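Peer 1: Got a structure for you, questions after.
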Amino acid sequence: MRSLTEEEWRRLRLAGQIAGGVTGAAAGLTALSAGVLLRQAAEARKIIPMAEAPPPRGDGLYGPKFPGRPLSMVILGDSSAAGYGVHRPRETPGALLANGVSRRLRRPVRLHRLAVVGSMSSGLPYQVDAALEYEPEVAVILVGGNDVTHVSARAAAVRHLGDSVRRLRAVGCKVVVGTCPDIGAIQPIKPPLRWLARKWSRQLAAAQTVAVVEAGGRTVSIGDLLGPAFEADPVRFFGSDRFHPSVEGYARAAAVMMPTLMAMLGEDDRAPASGPDGVRSLDQAAHEAVRTAGTEVSAVQVDGNEHGPAGRWAQLRRHPWFGEPRLWFGHRAATTAPAEESVPSVSGRSAPSAVGWTPEDHQAAVD
């Protein structure tokens, strides 16, 4: 076996500490297990078939038939933001979101996709530099997966994200961030790397949530959004590399992010959670959100105060998508409020709802 570099040993010592916590073992990793993890990590990075054509850009004007000045929207991040694996511009996450926003606001949206396949959080500052040239009014960021697969320093990755959100907010741009997906939910990644990847993913997602909310943005947890769906129907929800989402998978992610995106744009017809439901300290909210995909975290005031004994207050909200009944952290909303749930029409199709994105929207986008 070849000798390991100092950097590889540093990463493996960290992996050993996590593995010890997961398995209860007191000892660190052996040289044999170290080799297994290194080999698995290398194989995981090769899952992406770089010979495949880059994703279509999807830039352009959406909803040109609507009146008014176009809303400037940018999408930043990695391959999940770029839409790696799809073949038509309208199938990319940016196009799905821009089309949805345009239809909800009845206003044209001009999309600029600045996300880069393979990018880590360290690449965000350069993407923000380019984004600011377009005077963005709303930004969507999806990043974190490559930071996990490359075992990049979590503190640095979070700092880059927080600074990027802060720069966008400084020019009045509203920002929603889809936090790091659960890489451990990807089936081609095998144990023990899968166990470590899951823990790293959740730790990064929680740290991202704190940094983004502190910087003035909102987050939506991606988590294992596609994990259960992949197990049930991998051909439908994942692309040919079994790593990136398929067209259906990207539509699922867009559906989860749409309510938060619309809320940030002032189209929030959701009823607030009553009483203390959903209100936590930011740190507690961040760790709770990573366990449930589709959970929004945003800053909130309690009795007029932004901070409490445990730090900044935060609001947790989980939204329905694709006809899922609305739940407020275990509390079903009153069925007497028609705006709170998707009501089937006479034809059996879902009527327009507070979700901001329906199966019919997706079908219209991809047909």
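If you're wondering about the labels, chains in the structure tokens are A, B, ... by order shown, residues count from 1 in each chain, ligands from 1 in order shown.
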Need the shell around segment 303-316 of chain A: protein/DNA/RNA residues with any atom at most 6 Å away, counting only C-alpha atoms. Skip same-chain ones fewer than 2 positions apart. Format as a PyMOL selection string?

Peer 2: chain A and resi 278-282+296-301

Peer 1: Kindly export the residues of the current selection with all heavy atoms, as an mmCIF file, in the first residue's frame.

Peer 2:
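Okay, this is what ended up in selection_10.cif:
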data_model
loop_
_atom_site.group_PDB
_atom_site.id
_atom_site.type_symbol
_atom_site.label_atom_id
_atom_site.label_comp_id
_atom_site.auth_asym_id
_atom_site.auth_seq_id
_atom_site.Cartn_x
_atom_site.Cartn_y
_atom_site.Cartn_z
ATOM 1 N N GLY A 278 -42.684 25.782 16.037
ATOM 2 C CA GLY A 278 -41.740 26.100 14.981
ATOM 3 C C GLY A 278 -40.696 27.119 15.336
ATOM 4 O O GLY A 278 -39.803 27.374 14.540
ATOM 5 N N VAL A 279 -40.758 27.748 16.506
ATOM 6 C CA VAL A 279 -39.776 28.746 16.906
ATOM 7 C C VAL A 279 -38.715 28.089 17.781
ATOM 8 O O VAL A 279 -39.030 27.425 18.764
ATOM 9 C CB VAL A 279 -40.436 29.920 17.659
ATOM 10 C CG1 VAL A 279 -39.388 30.908 18.145
ATOM 11 C CG2 VAL A 279 -41.452 30.618 16.765
ATOM 12 N N ARG A 280 -37.473 28.257 17.386
ATOM 13 C CA ARG A 280 -36.349 27.682 18.115
ATOM 14 C C ARG A 280 -35.207 28.689 18.132
ATOM 15 O O ARG A 280 -35.244 29.697 17.428
ATOM 16 C CB ARG A 280 -35.824 26.412 17.413
ATOM 17 C CG ARG A 280 -36.861 25.410 16.977
ATOM 18 C CD ARG A 280 -37.287 24.513 18.122
ATOM 19 N NE ARG A 280 -38.049 23.379 17.632
ATOM 20 C CZ ARG A 280 -39.348 23.391 17.353
ATOM 21 N NH1 ARG A 280 -40.029 24.516 17.503
ATOM 22 N NH2 ARG A 280 -39.970 22.310 16.917
ATOM 23 N N SER A 281 -34.176 28.382 18.902
ATOM 24 C CA SER A 281 -32.932 29.114 18.717
ATOM 25 C C SER A 281 -32.394 28.712 17.351
ATOM 26 O O SER A 281 -32.696 27.620 16.849
ATOM 27 C CB SER A 281 -31.922 28.754 19.816
ATOM 28 O OG SER A 281 -31.470 27.414 19.657
ATOM 29 N N LEU A 282 -31.605 29.570 16.720
ATOM 30 C CA LEU A 282 -31.127 29.292 15.373
ATOM 31 C C LEU A 282 -30.319 28.001 15.325
ATOM 32 O O LEU A 282 -30.487 27.186 14.403
ATOM 33 C CB LEU A 282 -30.276 30.465 14.861
ATOM 34 C CG LEU A 282 -29.625 30.286 13.491
ATOM 35 C CD1 LEU A 282 -30.658 29.920 12.427
ATOM 36 C CD2 LEU A 282 -28.883 31.560 13.099
ATOM 37 N N GLU A 296 -37.889 24.841 5.943
ATOM 38 C CA GLU A 296 -37.366 26.208 5.807
ATOM 39 C C GLU A 296 -36.935 26.733 7.167
ATOM 40 O O GLU A 296 -37.607 26.512 8.172
ATOM 41 C CB GLU A 296 -38.447 27.124 5.234
ATOM 42 C CG GLU A 296 -38.066 28.608 5.205
ATOM 43 C CD GLU A 296 -39.251 29.507 4.919
ATOM 44 O OE1 GLU A 296 -40.000 29.212 3.965
ATOM 45 O OE2 GLU A 296 -39.437 30.502 5.656
ATOM 46 N N VAL A 297 -35.831 27.462 7.190
ATOM 47 C CA VAL A 297 -35.383 28.154 8.394
ATOM 48 C C VAL A 297 -35.182 29.620 8.050
ATOM 49 O O VAL A 297 -34.495 29.952 7.081
ATOM 50 C CB VAL A 297 -34.066 27.572 8.951
ATOM 51 C CG1 VAL A 297 -33.644 28.329 10.214
ATOM 52 C CG2 VAL A 297 -34.223 26.089 9.261
ATOM 53 N N SER A 298 -35.799 30.500 8.826
ATOM 54 C CA SER A 298 -35.656 31.936 8.607
ATOM 55 C C SER A 298 -35.594 32.638 9.952
ATOM 56 O O SER A 298 -36.019 32.099 10.980
ATOM 57 C CB SER A 298 -36.838 32.481 7.792
ATOM 58 O OG SER A 298 -38.066 32.248 8.475
ATOM 59 N N ALA A 299 -35.070 33.841 9.953
ATOM 60 C CA ALA A 299 -34.994 34.627 11.181
ATOM 61 C C ALA A 299 -36.398 35.077 11.588
ATOM 62 O O ALA A 299 -37.269 35.291 10.737
ATOM 63 C CB ALA A 299 -34.090 35.831 10.977
ATOM 64 N N VAL A 300 -36.613 35.222 12.869
ATOM 65 C CA VAL A 300 -37.910 35.653 13.372
ATOM 66 C C VAL A 300 -37.707 36.406 14.683
ATOM 67 O O VAL A 300 -36.691 36.213 15.368
ATOM 68 C CB VAL A 300 -38.847 34.429 13.608
ATOM 69 C CG1 VAL A 300 -38.370 33.587 14.778
ATOM 70 C CG2 VAL A 300 -40.287 34.863 13.805
ATOM 71 N N GLN A 301 -38.633 37.278 15.007
ATOM 72 C CA GLN A 301 -38.579 37.996 16.276
ATOM 73 C C GLN A 301 -39.561 37.372 17.258
ATOM 74 O O GLN A 301 -40.642 36.938 16.878
ATOM 75 C CB GLN A 301 -38.927 39.469 16.080
ATOM 76 C CG GLN A 301 -37.881 40.251 15.306
ATOM 77 C CD GLN A 301 -38.182 41.744 15.270
ATOM 78 O OE1 GLN A 301 -39.218 42.205 15.771
ATOM 79 N NE2 GLN A 301 -37.280 42.513 14.678
#

Peer 1: Looking at only C-alpha atoms, which of A:Leu132, A:Met262, A:Leu196, A:Ala81 is the one that sits closest to Ser164 of chain A?

Peer 2: A:Leu132

Peer 1: Quote the spacing between atom CA of Gly216 of chain A and atom CA of Ile75 of chain A in Å to one decimal place.

Peer 2: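 Going from atom CA of Gly216 of chain A over to atom CA of Ile75 of chain A covers 17.3 Å.
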
Peer 1: Determine, counting only C-alpha atoms, which protein, DNA and RNA residues have an atom within 8 Å of an atom of segment 122-124 of chain A; residues of the same chain fewer than 2 positions away are not included. Present the result as a ChimeraX atom specification.

Peer 2: /A:76-77,119-120,126-128,156-157,160-161,164

Peer 1: Atoms to include: N, CA, C and O atoms. Write the selected residues as a PDB file, in the first residue's frame.

Peer 2:
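To be explicit, this is the file written out as selection.pdb:
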ATOM      1  N   LEU A  76     -26.872  30.128  -8.380  1.00  0.00           N
ATOM      2  CA  LEU A  76     -25.455  29.906  -8.117  1.00  0.00           C
ATOM      3  C   LEU A  76     -25.260  28.542  -7.471  1.00  0.00           C
ATOM      4  O   LEU A  76     -26.184  27.949  -6.928  1.00  0.00           O
ATOM      5  N   GLY A  77     -24.010  28.059  -7.519  1.00  0.00           N
ATOM      6  CA  GLY A  77     -23.701  26.823  -6.810  1.00  0.00           C
ATOM      7  C   GLY A  77     -22.984  25.811  -7.667  1.00  0.00           C
ATOM      8  O   GLY A  77     -22.142  26.152  -8.509  1.00  0.00           O
ATOM      9  N   SER A 119     -18.285  22.739  -8.771  1.00  0.00           N
ATOM     10  CA  SER A 119     -17.897  23.819  -7.868  1.00  0.00           C
ATOM     11  C   SER A 119     -18.076  23.428  -6.409  1.00  0.00           C
ATOM     12  O   SER A 119     -19.016  22.727  -6.033  1.00  0.00           O
ATOM     13  N   MET A 120     -17.150  23.904  -5.582  1.00  0.00           N
ATOM     14  CA  MET A 120     -17.298  23.817  -4.134  1.00  0.00           C
ATOM     15  C   MET A 120     -17.665  25.208  -3.614  1.00  0.00           C
ATOM     16  O   MET A 120     -17.739  26.172  -4.387  1.00  0.00           O
ATOM     17  N   TYR A 126     -16.525  33.967  -6.710  1.00  0.00           N
ATOM     18  CA  TYR A 126     -16.371  34.310  -8.117  1.00  0.00           C
ATOM     19  C   TYR A 126     -17.726  34.335  -8.821  1.00  0.00           C
ATOM     20  O   TYR A 126     -17.967  35.167  -9.704  1.00  0.00           O
ATOM     21  N   GLN A 127     -18.612  33.437  -8.424  1.00  0.00           N
ATOM     22  CA  GLN A 127     -19.955  33.435  -9.006  1.00  0.00           C
ATOM     23  C   GLN A 127     -20.724  34.686  -8.586  1.00  0.00           C
ATOM     24  O   GLN A 127     -21.480  35.258  -9.373  1.00  0.00           O
ATOM     25  N   VAL A 128     -20.528  35.104  -7.334  1.00  0.00           N
ATOM     26  CA  VAL A 128     -21.194  36.321  -6.862  1.00  0.00           C
ATOM     27  C   VAL A 128     -20.664  37.537  -7.610  1.00  0.00           C
ATOM     28  O   VAL A 128     -21.431  38.447  -7.958  1.00  0.00           O
ATOM     29  N   ALA A 156     -14.265  26.743   6.400  1.00  0.00           N
ATOM     30  CA  ALA A 156     -13.988  27.596   5.242  1.00  0.00           C
ATOM     31  C   ALA A 156     -15.171  27.580   4.275  1.00  0.00           C
ATOM     32  O   ALA A 156     -15.552  28.621   3.725  1.00  0.00           O
ATOM     33  N   ALA A 157     -15.765  26.392   4.058  1.00  0.00           N
ATOM     34  CA  ALA A 157     -16.910  26.288   3.154  1.00  0.00           C
ATOM     35  C   ALA A 157     -18.075  27.133   3.651  1.00  0.00           C
ATOM     36  O   ALA A 157     -18.716  27.854   2.874  1.00  0.00           O
ATOM     37  N   HIS A 160     -17.353  30.914   3.184  1.00  0.00           N
ATOM     38  CA  HIS A 160     -17.557  31.361   1.808  1.00  0.00           C
ATOM     39  C   HIS A 160     -19.045  31.550   1.513  1.00  0.00           C
ATOM     40  O   HIS A 160     -19.436  32.528   0.860  1.00  0.00           O
ATOM     41  N   LEU A 161     -19.866  30.626   1.977  1.00  0.00           N
ATOM     42  CA  LEU A 161     -21.302  30.731   1.743  1.00  0.00           C
ATOM     43  C   LEU A 161     -21.883  31.938   2.466  1.00  0.00           C
ATOM     44  O   LEU A 161     -22.639  32.726   1.882  1.00  0.00           O
ATOM     45  N   SER A 164     -20.932  35.145   0.831  1.00  0.00           N
ATOM     46  CA  SER A 164     -21.622  35.313  -0.451  1.00  0.00           C
ATOM     47  C   SER A 164     -23.045  35.809  -0.251  1.00  0.00           C
ATOM     48  O   SER A 164     -23.520  36.715  -0.955  1.00  0.00           O
TER      49      SER A 164
END

Peer 1: Have a look at atom CA of Gly223 of chain A and atom CA of Ala139 of chain A and let me know their distance in Å, one decimal.

Peer 2: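 Those two atoms sit 20.2 Å apart.
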
Peer 1: Kindly indicate which residue among A:Arg167, A:Lys65, A:Lys199, A:Arg88 lies nearest to Asp129 of chain A, using only C-alpha atoms for the distances.

Peer 2: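 Among the listed residues, the smallest separation from Asp129 of chain A belongs to A:Arg167.
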
Peer 1: Need the shell around Ser221 of chain A: protein/DNA/RNA residues with any atom at most 7 Å away, counting only C-alpha atoms. Skip same-chain ones fewer than 2 positions apart. Format as a list in words?

Peer 2: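 Within the cut-off, the hits are Gly178, Thr179, Thr219, Gly223, Ala289, Val290, Ala293, Gly294, Thr295 and Glu296 of chain A.
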
Peer 1: What does the file look like for those residues with C-alpha atoms, as a short mmCIF file (atom, residue, chain, number, x, y, z; two decimals), in the first residue's frame?

Peer 2:
data_model
loop_
_atom_site.label_atom_id
_atom_site.label_comp_id
_atom_site.auth_asym_id
_atom_site.auth_seq_id
_atom_site.Cartn_x
_atom_site.Cartn_y
_atom_site.Cartn_z
CA GLY A 178 -30.77 24.84 -0.56
CA THR A 179 -28.44 23.35 2.02
CA THR A 219 -32.56 28.11 3.89
CA GLY A 223 -31.28 16.45 3.05
CA ALA A 289 -34.04 21.10 9.89
CA VAL A 290 -31.35 18.76 8.56
CA ALA A 293 -36.03 17.53 3.93
CA GLY A 294 -38.04 20.53 2.78
CA THR A 295 -37.78 22.45 6.07
CA GLU A 296 -37.37 26.21 5.81
#

Peer 1: Rank A:Pro93, A:Pro259, A:Pro181, A:Pro64 by their smallest atom-to-atom distance to Arg317 of chain A, using only C-alpha atoms, and report the top residue only.

Peer 2: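 Nearest to Arg317 of chain A: A:Pro259.
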
Peer 1: Among segment 88-269 of chain A, which ones does DSSP place in alpha helix (DSSP H), written as a ChimeraX atom specification?

Peer 2: /A:93-105,124-132,145-149,154-170,193-214,227-232,234-237,247-264

Peer 1: Leu61 of chain A: which residues within 8 Å, counting only C-alpha atoms, same-chain residues fewer than 6 positions away excluded, as an MDAnalysis selection string?

Peer 2: chainID A and resid 70 108:111

Peer 1: Return the single residue from A:Glu91, A:Glu214, A:Asp147, A:Glu135 that is closest to Asp59 of chain A, with distances computed using only C-alpha atoms.

Peer 2: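 Checking each candidate against Asp59 of chain A, we get A:Glu91 as the closest.
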
Peer 1: Show me, as a PyMOL selection string, the residues that have an atom within 7 Å of segment 254-257 of chain A when counting only C-alpha atoms, minus same-chain residues fewer than 3 positions from it.

Peer 2: chain A and resi 93+96-97+220+250-251+260-261+294+321+357

Peer 1: Counting only C-alpha atoms, figure out which residue out of A:His150, A:Met258, A:Val247, A:Ala207 gets nearest to Pro89 of chain A.

Peer 2: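 Result for the nearest residue to Pro89 of chain A: A:Val247.
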